$ cat coords-v7.txt   # compact mmCIF, C-alpha atoms
# COMPACT_ATOMS: atom_id res chain seq x y z
CA MET A 242 69.44 92.20 91.67
CA LYS A 243 68.22 90.34 94.75
CA LYS A 244 70.28 87.28 93.79
CA VAL A 245 73.46 89.37 93.49
CA THR A 246 72.83 91.00 96.88
CA VAL A 247 72.13 87.67 98.56
CA LEU A 248 75.21 86.08 96.97
CA PHE A 249 77.38 89.01 98.11
CA LEU A 250 76.08 88.71 101.68
CA ILE A 251 76.74 84.97 101.76
CA VAL A 252 80.30 85.35 100.46
CA PHE A 253 81.00 88.25 102.85
CA THR A 254 79.61 86.33 105.84
CA LEU A 255 81.63 83.20 105.02
CA GLY A 256 84.83 85.24 104.62
CA PHE A 257 84.22 87.04 107.89
CA TYR A 258 83.47 83.76 109.69
CA ALA A 259 86.63 82.13 108.29
CA SER A 260 88.81 84.99 109.53
CA ILE A 261 87.29 84.78 113.02
CA VAL A 262 87.58 81.00 113.22
CA SER A 263 91.20 80.85 112.11
CA ALA A 264 92.59 83.74 114.22
CA GLU A 265 94.20 82.40 117.39
CA THR A 266 95.91 83.63 120.54
CA SER A 267 98.20 81.30 122.51
CA VAL A 268 100.04 81.92 125.77
CA LYS A 269 103.26 80.19 126.90
CA SER A 270 105.93 80.97 129.49
CA SER A 271 109.52 79.93 130.10
CA GLY A 272 112.53 81.31 131.95
CA GLY A 273 110.59 84.13 133.59
CA VAL A 274 109.12 85.33 130.28
CA LYS A 275 105.49 85.19 129.15
CA GLY A 276 104.82 85.08 125.42
CA VAL A 277 101.47 85.73 123.79
CA LEU A 278 101.38 84.71 120.13
CA LYS A 279 98.57 86.14 118.01
CA THR A 280 98.19 84.76 114.52
CA ASP A 281 95.82 86.27 111.98
CA PRO A 282 95.88 84.33 108.70
CA ALA A 283 93.38 86.72 107.09
CA LYS A 284 95.86 89.59 107.54
CA LYS A 285 98.90 87.31 107.05
CA MET A 286 100.31 88.54 110.38
CA VAL A 287 102.05 86.99 113.36
CA ASP A 288 102.48 89.08 116.54
CA LEU A 289 104.40 88.04 119.65
CA PHE A 290 103.93 90.04 122.85
CA LEU A 291 106.60 89.46 125.51
CA SER A 292 106.54 90.37 129.20
CA GLU A 293 108.52 89.66 132.36
CA LEU A 294 107.05 87.31 134.95
CA PRO A 295 105.73 88.03 137.51
CA SER A 296 105.86 91.84 137.03
CA GLY A 297 104.17 91.89 133.60
CA LYS A 298 106.63 94.54 132.35
CA GLU A 299 106.82 94.61 128.52
CA ILE A 300 110.02 93.32 126.96
CA THR A 301 111.12 95.61 124.14
CA ASP A 302 114.85 94.87 123.86
CA ALA A 303 114.82 91.31 122.51
CA LYS A 304 116.09 89.65 119.38
CA VAL A 305 113.35 87.26 118.25
CA ARG A 306 113.57 84.58 115.56
CA ALA A 307 110.81 82.15 114.59
CA SER A 308 111.19 78.84 112.81
CA VAL A 309 107.81 78.02 111.28
CA THR A 310 106.88 74.55 110.07
CA PHE A 311 104.01 74.55 107.55
CA PRO A 312 101.38 71.79 107.23
CA ASP A 313 103.30 70.29 104.26
CA GLY A 314 106.52 70.00 106.34
CA ARG A 315 108.25 72.98 104.71
CA LYS A 316 110.15 75.24 107.14
CA VAL A 317 110.89 78.94 107.02
CA GLU A 318 112.93 81.18 109.32
CA LYS A 319 111.59 84.65 110.16
CA ASP A 320 113.00 87.47 112.25
CA LEU A 321 110.21 89.03 114.26
CA LEU A 322 110.76 92.77 114.28
CA GLY A 323 109.88 94.81 117.36
CA MET A 324 107.46 97.69 117.02
CA LYS A 325 105.10 99.71 119.18
CA MET A 326 101.57 99.80 117.80
CA GLY A 327 99.16 101.87 119.87
CA GLU A 328 99.77 101.04 123.52
CA ALA A 329 101.41 97.63 123.00
CA TYR A 330 104.88 96.57 121.86
CA SER A 331 105.09 93.39 119.81
CA PHE A 332 107.48 91.44 117.63
CA MET A 333 105.89 90.78 114.27
CA ASN A 334 106.23 89.67 110.68
CA SER A 335 104.04 88.58 107.81
CA LEU A 336 103.34 84.92 107.10
CA ASP A 337 101.24 83.22 104.44
CA MET A 338 98.97 80.82 106.34
CA SER A 339 96.59 80.05 103.47
CA ARG A 340 96.92 76.25 103.61
CA PRO A 341 94.77 74.29 106.03
CA GLY A 342 96.55 72.23 108.67
CA ARG A 343 98.96 72.62 111.57
CA TYR A 344 101.55 75.40 111.76
CA SER A 345 104.30 75.02 114.37
CA PHE A 346 106.22 78.00 115.72
CA ASP A 347 109.58 77.44 117.45
CA ILE A 348 110.53 80.88 118.74
CA SER A 349 113.99 81.81 120.05
CA ILE A 350 114.30 84.92 122.21
CA GLU A 351 117.54 86.63 123.24
CA SER A 352 116.96 89.27 125.92
CA SER A 353 119.05 90.67 128.80
CA GLY A 354 121.62 87.88 128.50
CA ARG A 355 118.96 85.16 128.49
CA SER A 356 118.12 82.64 125.80
CA ILE A 357 114.50 81.52 125.90
CA ARG A 358 112.55 79.21 123.63
CA LEU A 359 108.78 79.10 123.25
CA GLU A 360 106.79 76.70 121.08
CA PHE A 361 103.30 77.36 119.73
CA THR A 362 100.96 75.68 117.27
CA HIS A 363 98.10 77.01 115.17
CA ASN A 364 95.57 74.80 113.41
CA ILE A 365 93.66 76.04 110.38
CA PRO A 366 90.60 73.97 109.45
$ encode --input "coords-v7.txt" --output "structure tokens"
Amino acid sequence: MKKVTVLFLIVFTLGFYASIVSAETSVKSSGGVKGVLKTDPAKKMVDLFLSELPSGKEITDAKVRASVTFPDGRKVEKDLLGMKMGEAYSFMNSLDMSRPGRYSFDISIESSGRSIRLEFTHNIP
């Protein structure tokens, strides 16, 4: 029984550690817009938070599209759908990030007559 308990704790701890290590938050800005990209491979989620610079006002009226390049060179296009969760508004979608390596995000934003592009990367060990 002790061996089963110890094995469970080891597996649980390693899984928890992996989810903490691979979750990332990146910040970029362009054209008067700040973008905060949060990736969480454990939950298979990508969230993009947009705000006006310098006011910090949330942007909620954008059309957002992400072109994601996987570590093996494969590309996929994703619309990021806007949604308010709790107090924050983000543009999100699911994404399988189970392979180790570099993921590149080329994000196009259309908002208030502006076209903005932000680029992010996420490395999974």
$ closest_residue --input "coords-v7.txt" --among "A:Ser267, A:Gly276, A:Lys325, A:Phe361" --to "Val309 of chain A" --atoms "only C-alpha atoms"
A:Phe361
$ residues_around --input "coords-v7.txt" --residues "Thr301 of chain A" --least-positions-apart "5" --cutoff "9 Å" --atoms "all atoms listed in the file" --output "PyMOL selection string"
chain A and resi 291-292+323-325+330-332+352
$ closest_residue --input "coords-v7.txt" --among "A:Ala264, A:Ala303, A:Leu321, A:Ala329" --to "Pro282 of chain A" --atoms "all atoms listed in the file"
A:Ala264
$ atom_distance --input "coords-v7.txt" --atom1 "atom CA of Arg340 of chain A" --atom2 "atom CA of Met326 of chain A"
27.9 Å
$ residues_around --input "coords-v7.txt" --residues "Glu360 of chain A" --least-positions-apart "5" --cutoff "7 Å" --atoms "all atoms listed in the file" --output "list in words"
Phe346, Asp347 and Ile348 of chain A
$ closest_residue --input "coords-v7.txt" --among "A:Pro366, A:Gly342, A:Gly297, A:Gly354" --to "Thr310 of chain A" --atoms "only C-alpha atoms"
A:Gly342
$ atom_distance --input "coords-v7.txt" --atom1 "atom CA of Glu265 of chain A" --atom2 "atom CA of Asp320 of chain A"
20.1 Å
$ atom_distance --input "coords-v7.txt" --atom1 "atom CA of Met333 of chain A" --atom2 "atom CA of Glu318 of chain A"
12.9 Å
$ closest_residue --input "coords-v7.txt" --among "A:Lys319, A:Lys304, A:Lys279, A:Lys284" --to "Ser353 of chain A" --atoms "all atoms listed in the file"
A:Lys304
